[in-house]
Structures are given as C-alpha cells and as structure tokens.
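Novice: Sharing final18.txt here; it has compact mmCIF, C-alpha atoms.
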# COMPACT_ATOMS: atom_id res chain seq x y z
CA GLU Z 1 54.26 -28.78 -91.01
CA GLY Z 2 56.05 -25.62 -90.03
CA ASN Z 3 55.07 -22.23 -91.38
CA SER Z 4 56.26 -22.39 -95.02
CA ASP Z 5 56.17 -18.67 -95.72
CA GLU Z 6 57.86 -17.40 -92.58
CA GLU Z 7 61.22 -15.72 -93.07
CA ILE Z 8 63.72 -14.86 -90.39
CA SER Z 9 66.88 -12.96 -91.22
CA ARG Z 10 69.95 -11.30 -89.81
CA SER Z 11 71.83 -8.68 -91.81
CA SER Z 12 75.41 -7.45 -91.70
CA ILE Z 13 76.59 -3.86 -91.56
CA ASN Z 14 79.75 -4.78 -93.53
CA ASN Z 15 80.01 -7.69 -95.95
CA ASN Z 16 83.06 -6.50 -97.90
CA ASP Z 17 85.81 -6.18 -95.33
CA GLY Z 18 87.38 -9.56 -96.07
CA VAL Z 19 86.83 -10.69 -92.50
CA ASP Z 20 84.89 -13.84 -91.73
CA SER Z 21 81.62 -13.03 -90.02
CA ASN Z 22 79.36 -15.13 -87.88
CA TYR Z 23 75.67 -14.40 -87.51
CA SER Z 24 73.11 -16.03 -85.30
CA VAL Z 25 69.34 -16.10 -85.39
CA THR Z 26 67.32 -17.61 -82.60
CA ARG Z 27 63.98 -19.18 -83.47
CA TYR Z 28 61.86 -21.38 -81.23
CA PHE Z 29 60.15 -24.26 -83.02
CA ASP Z 30 57.11 -26.26 -81.97
CA ALA Z 31 57.73 -29.83 -80.94
CA GLY Z 32 56.30 -32.52 -83.21
CA LYS Z 33 56.27 -30.41 -86.37
CA THR Z 34 58.45 -30.78 -89.47
CA TYR Z 35 60.29 -27.71 -90.73
CA TYR Z 36 62.13 -27.23 -94.03
CA ILE Z 37 65.02 -24.84 -93.58
CA GLY Z 38 66.88 -23.02 -96.34
CA ILE Z 39 69.79 -20.61 -96.05
CA TYR Z 40 69.97 -17.75 -98.55
CA HIS Z 41 72.49 -14.94 -98.88
CA ALA Z 42 71.59 -11.83 -100.86
CA ASN Z 43 74.20 -10.01 -102.96
CA VAL Z 44 76.81 -12.68 -102.38
CA LYS Z 45 80.06 -12.20 -104.44
CA GLU Z 46 81.92 -15.31 -103.38
CA THR Z 47 80.99 -18.78 -102.31
CA GLY Z 48 80.71 -19.07 -98.58
CA SER Z 49 80.05 -21.81 -96.11
CA TYR Z 50 77.06 -21.94 -93.84
CA SER Z 51 76.04 -24.13 -90.97
CA ILE Z 52 72.91 -24.53 -88.96
CA LYS Z 53 72.72 -25.81 -85.43
CA ILE Z 54 69.50 -26.91 -83.77
CA THR Z 55 69.57 -27.51 -80.06
CA SER Z 56 66.98 -28.55 -77.55
CA PRO Z 57 66.30 -26.34 -74.57
CA PRO Z 58 67.51 -27.56 -71.20
CA PRO Z 59 65.13 -29.94 -69.44
CA PHE Z 60 62.17 -28.11 -67.93
CA PRO Z 61 62.04 -29.12 -64.28
CA ALA Z 62 58.55 -30.05 -63.20
CA THR Z 63 56.78 -32.41 -60.82
CA ALA Z 64 53.73 -34.32 -62.07
CA VAL Z 65 50.96 -34.72 -59.47
CA GLY Z 66 47.41 -36.02 -59.33
CA GLY Z 67 44.97 -38.33 -57.55
CA ILE Z 68 43.85 -38.50 -53.93
CA ILE Z 69 46.16 -37.09 -51.26
CA THR Z 70 45.65 -39.28 -48.21
CA GLU Z 71 48.42 -38.05 -45.92
CA ASP Z 72 49.86 -34.69 -44.97
CA THR Z 73 51.88 -33.47 -47.95
CA VAL Z 74 54.19 -30.55 -48.69
CA TRP Z 75 54.90 -29.14 -52.14
CA ASP Z 76 58.06 -27.08 -51.83
CA LEU Z 77 59.92 -24.79 -54.18
CA SER Z 78 62.41 -27.43 -55.28
CA GLY Z 79 59.63 -29.31 -57.10
CA SER Z 80 58.05 -26.27 -58.74
CA PRO Z 81 56.26 -26.09 -61.07
CA TYR Z 82 53.80 -28.82 -60.12
CA ILE Z 83 51.84 -30.08 -63.12
CA VAL Z 84 48.42 -31.48 -62.22
CA ARG Z 85 47.80 -34.32 -64.69
CA SER Z 86 44.68 -35.78 -63.06
CA ASP Z 87 42.09 -34.41 -60.65
CA ILE Z 88 43.43 -33.85 -57.15
CA THR Z 89 41.45 -34.47 -53.98
CA VAL Z 90 42.80 -33.51 -50.57
CA ALA Z 91 41.07 -36.05 -48.34
CA SER Z 92 39.25 -35.10 -45.14
CA GLY Z 93 41.62 -34.78 -42.18
CA VAL Z 94 44.64 -34.28 -44.46
CA THR Z 95 46.64 -31.08 -45.01
CA LEU Z 96 48.28 -30.09 -48.28
CA THR Z 97 50.83 -27.33 -47.69
CA ILE Z 98 52.10 -25.53 -50.77
CA LYS Z 99 55.09 -23.33 -50.01
CA PRO Z 100 55.32 -19.66 -51.10
CA ASN Z 101 56.48 -18.91 -54.67
CA VAL Z 102 55.51 -22.36 -55.91
CA THR Z 103 53.65 -22.51 -59.24
CA VAL Z 104 50.88 -25.05 -59.71
CA LYS Z 105 49.85 -25.63 -63.33
CA VAL Z 106 46.66 -27.60 -63.89
CA ASN Z 107 45.78 -29.38 -67.12
CA PRO Z 108 42.58 -28.22 -68.86
CA LYS Z 109 39.26 -29.32 -67.35
CA LEU Z 110 40.90 -30.68 -64.18
CA HIS Z 111 40.30 -29.45 -60.65
CA ILE Z 112 41.74 -29.36 -57.14
CA SER Z 113 39.15 -30.45 -54.58
CA VAL Z 114 39.82 -29.79 -50.90
CA SER Z 115 37.83 -31.81 -48.38
CA GLY Z 116 40.61 -31.49 -45.79
CA ASN Z 117 42.91 -28.49 -45.44
CA MET Z 118 45.02 -26.61 -47.97
CA ILE Z 119 47.52 -23.89 -47.08
CA ALA Z 120 48.64 -22.10 -50.21
CA ASP Z 121 50.04 -18.71 -49.26
CA GLY Z 122 52.08 -17.00 -51.97
CA VAL Z 123 51.22 -19.70 -54.54
CA ASN Z 124 50.56 -19.18 -58.25
CA PHE Z 125 47.71 -21.35 -59.61
CA THR Z 126 47.24 -21.33 -63.37
CA SER Z 127 46.51 -23.45 -66.42
CA SER Z 128 49.22 -25.74 -67.75
CA LYS Z 129 48.69 -23.94 -71.07
CA ASP Z 130 49.70 -20.61 -69.57
CA ASP Z 131 52.95 -19.49 -71.18
CA GLY Z 132 52.52 -15.87 -70.19
CA ASP Z 133 50.83 -14.85 -73.46
CA ILE Z 134 47.08 -14.40 -73.06
CA THR Z 135 46.56 -14.28 -76.83
CA THR Z 136 47.41 -17.98 -77.08
CA LEU Z 137 45.03 -19.14 -74.31
CA TYR Z 138 41.42 -20.11 -75.01
CA THR Z 139 38.67 -20.99 -72.55
CA SER Z 140 39.05 -24.61 -73.68
CA ASP Z 141 42.52 -24.43 -72.09
CA TYR Z 142 41.14 -23.38 -68.70
CA TRP Z 143 41.32 -25.65 -65.70
CA THR Z 144 38.15 -26.13 -63.64
CA GLY Z 145 39.42 -24.44 -60.45
CA ILE Z 146 39.64 -25.06 -56.71
CA THR Z 147 36.61 -26.58 -54.99
CA ALA Z 148 36.59 -26.09 -51.24
CA SER Z 149 34.41 -28.10 -48.90
CA GLY Z 150 37.12 -28.14 -46.22
CA GLN Z 151 39.48 -25.33 -45.16
CA ILE Z 152 41.63 -23.16 -47.41
CA SER Z 153 44.13 -20.42 -46.69
CA CYS Z 154 45.37 -18.38 -49.66
CA ASP Z 155 47.18 -15.16 -48.82
CA ASN Z 156 49.14 -13.25 -51.46
CA ALA Z 157 48.33 -15.92 -54.04
CA THR Z 158 47.26 -15.79 -57.69
CA ILE Z 159 44.56 -17.81 -59.42
CA LYS Z 160 44.37 -17.55 -63.20
CA TYR Z 161 42.70 -19.11 -66.22
CA ALA Z 162 40.13 -21.25 -64.38
CA SER Z 163 36.46 -21.79 -65.14
CA THR Z 164 35.81 -20.92 -61.49
CA GLY Z 165 38.84 -19.76 -59.54
CA LEU Z 166 37.44 -20.78 -56.15
CA TYR Z 167 34.18 -22.63 -55.53
CA CYS Z 168 33.10 -22.55 -51.87
CA SER Z 169 30.69 -25.28 -50.80
CA GLY Z 170 30.37 -25.43 -47.02
CA SER Z 171 33.98 -24.47 -46.46
CA LYS Z 172 36.03 -22.21 -44.24
CA VAL Z 173 37.92 -19.96 -46.63
CA ASN Z 174 40.53 -17.28 -46.12
CA LEU Z 175 41.36 -15.63 -49.44
CA THR Z 176 43.27 -12.43 -48.81
CA ASN Z 177 45.65 -10.06 -50.59
CA SER Z 178 45.46 -12.22 -53.70
CA THR Z 179 44.80 -11.72 -57.42
CA ILE Z 180 42.10 -13.66 -59.24
CA SER Z 181 42.24 -12.94 -62.96
CA ASN Z 182 41.06 -14.19 -66.34
CA CYS Z 183 38.64 -16.71 -64.85
CA GLN Z 184 35.10 -17.16 -66.10
CA ILE Z 185 33.97 -16.79 -62.48
CA GLY Z 186 36.43 -15.51 -59.89
CA VAL Z 187 34.77 -16.82 -56.70
CA ASN Z 188 31.51 -18.75 -56.40
CA VAL Z 189 30.07 -18.92 -52.86
CA GLN Z 190 27.38 -21.60 -52.52
CA ARG Z 191 27.67 -22.50 -48.83
CA THR Z 192 30.08 -21.42 -46.17
CA THR Z 193 30.79 -21.96 -42.49
CA GLY Z 194 33.36 -19.16 -42.34
CA LEU Z 195 34.33 -16.77 -45.09
CA ASN Z 196 37.02 -14.13 -45.35
CA ILE Z 197 37.49 -12.82 -48.88
CA SER Z 198 39.17 -9.46 -48.44
CA ASN Z 199 41.76 -7.12 -49.90
CA ASN Z 200 41.95 -9.07 -53.15
CA THR Z 201 42.19 -7.89 -56.75
CA PHE Z 202 39.67 -9.32 -59.21
CA LEU Z 203 40.75 -8.60 -62.77
CA ASN Z 204 39.25 -9.42 -66.18
CA ASN Z 205 36.78 -12.03 -64.99
CA PRO Z 206 33.41 -11.98 -66.80
CA ARG Z 207 31.87 -12.63 -63.38
CA HIS Z 208 34.07 -11.69 -60.43
CA ILE Z 209 32.13 -12.84 -57.35
CA TYR Z 210 28.94 -14.89 -57.31
CA VAL Z 211 27.10 -15.45 -54.02
CA ASN Z 212 24.14 -17.83 -53.76
CA ILE Z 213 21.11 -15.94 -52.47
CA ASN Z 214 20.76 -18.44 -49.61
CA CYS Z 215 24.18 -17.36 -48.28
CA ILE Z 216 23.41 -13.65 -48.08
CA GLY Z 217 21.93 -13.91 -44.60
CA SER Z 218 24.53 -16.36 -43.29
CA ASN Z 219 27.77 -14.39 -43.40
CA GLY Z 220 27.85 -14.74 -47.19
CA LEU Z 221 28.34 -11.04 -47.87
CA ARG Z 222 29.73 -9.98 -44.49
CA GLY Z 223 32.86 -12.01 -45.16
CA ILE Z 224 33.52 -10.22 -48.46
CA SER Z 225 35.11 -6.80 -48.12
CA GLU Z 226 37.72 -4.34 -49.38
CA ASN Z 227 38.24 -6.07 -52.73
CA SER Z 228 39.32 -4.27 -55.88
CA ILE Z 229 37.39 -5.09 -59.07
CA ALA Z 230 38.42 -4.13 -62.60
CA GLY Z 231 37.45 -5.33 -66.07
CA SER Z 232 34.12 -7.08 -66.73
CA SER Z 233 31.33 -7.61 -64.23
CA SER Z 234 30.88 -7.30 -60.46
CA TYR Z 235 29.10 -8.93 -57.53
CA ASN Z 236 26.07 -11.06 -58.39
Show how you would write the structure in this file as structure tokens.
Specialist:
Amino acid sequence: EGNSDEEISRSSINNNDGVDSNYSVTRYFDAGKTYYIGIYHANVKETGSYSIKITSPPPFPATAVGGIITEDTVWDLSGSPYIVRSDITVASGVTLTIKPNVTVKVNPKLHISVSGNMIADGVNFTSSKDDGDITTLYTSDYWTGITASGQISCDNATIKYASTGLYCSGSKVNLTNSTISNCQIGVNVQRTTGLNISNNTFLNNPRHIYVNINCIGSNGLRGISENSIAGSSSYN
C-alpha cells in the first residue's frame, strides 16, 4: 500500500477573488503499489469541482544486455543506458567497445568479465539501483564489478556501487583519470601482466586499492601512481 499518512498540499494566495484557480501538485508514485487519494479543501465557502490526473512518465529508453559476447561489439550512445540483466563475459579475442558518455547499469550481484578486450573510455558503470540518491542504495543492491583477465582501457570513466570496482587477475589494465566511488573495494590486484592505475580519484570506498603481496615485486605497485584517495581506507 502507499503511505497512508503522507500529505501533499498546494495553497493559494487568494481564494476570494471570484476567479477560477487551477493548482497542480506533482508526486511520483512507486509502481505496483495501491494508493488511496483524497482531495480536501480547507475553509471552503462554496462547492467547487476538483479533478485528478495520473499520468505515466514517458518510456525510459534502455537496452537490455547479458550473456557471452562472442564477436566484436559496440555499445553506442543511442542505446544508453545499457541494463545488464545477466552476467556478461567478453570472450577471448573479442573486443567490446563502449562509447564515451554511455551509462552501463548492472543488476545486483552480476558482473562483467573480460577475457578479451574492453575499451570503455568516458563510460559510467553503476548499479541498476542507482537513482542518484545514495540514501536509497544498500550493499545488497551493489553489482559484483568488472573482472579483468584480458585487456581493459578505462580513461575518464566512473565505477560506482560495486562490491569490487575492478578485479585484476592476470590482465593488462589501463585505468586513468577515472573516479571509483562507493565500492566495497575500489581495485583488487591479484595478478597482472601490465598495470597502469594512475591519476584516478578513489572516494568513499571502505578499501580503495588492494594489492596481493605476490604482485608487489612484479610491477604491482609500480603501476599505481598519482591517485587521489578520500574517505575510508587506503592501500593494503
């Protein structure tokens, strides 16, 4: 049911001028709920007529994606946002190119796994539950993140609301000039054949960057430089 004790109102600065007045109140309702709506007028002297109009918002353009990508694929701005409804795997030898300014929203607990190549410069990765209001997002709404065993290029991108924003497992990764925020772990480096994580902003992640001790002597730390860290932890 809808919220039974919620009141929304709109008042007039002049109710006694003999001129018909129209008032409007905008309220967004949750889909699938039942609401009981009453119209009340305080200090009314004469009977009036009232009407209520409920309209649906315009269709929200989105492209549903998921599964194994087995051929070179481009996600362009005309299909944005892309809603990931099942785990995505970019197969070995295949390139997924996501064009700048595209938004990719991933359903909770799902991941994007890259065995081939992903170019995602200027892309916004976030949870499908992200409506811009952090107070409504719980860790149960987080997506798993990007797992890279192939090659990834993310410049000027954003990664938000993931369990692990980017998990590097034997991959060649270029993550530059990007923002990784509100993830449980920003970047987790387990194995790498080439790492460039530089000039990024890590914000409000309980753990910003985790590097496996076995990677420290194999370019694990040398490829991480000039990053800005704020809110929560640090390197581990």
Novice: Restricting the calculation to only C-alpha atoms: of Z:Trp143, Z:Tyr82, Z:Phe202, Z:Tyr210, which residue gets closest to Z:Thr179?
Specialist: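 Looking at the shortest contact to Z:Thr179, the residue is Z:Phe202.
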Novice: What does the distance between atom CA of Z:Ala91 and atom CA of Z:Cys183 come to in Å, to one decimal place?
Specialist: 25.5 Å
Novice: Quick one: distance from atom CA of Z:Asp155 to atom CA of Z:Ile88 in Å, one decimal?
Specialist: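 Result for atom CA of Z:Asp155 versus atom CA of Z:Ile88: 20.8 Å, one decimal.
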Novice: Would you list the contacts of stretch 99-110 of chain Z as a ChimeraX atom specification, taking every protein, DNA or RNA residue within 6 Å and counting only C-alpha atoms, but skipping same-chain residues closer than 4 positions in sequence?
Specialist: /Z:76-77,80-85,87,121-128,141-144
Novice: So, with all atoms listed in the file as the atoms that count, which of Z:Ile112, Z:Ser92, Z:Tyr167, Z:Gly132 lies closest to Z:Gly66?
Specialist: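 Nearest candidate to Z:Gly66 out of Z:Ile112, Z:Ser92, Z:Tyr167, Z:Gly132: Z:Ile112.
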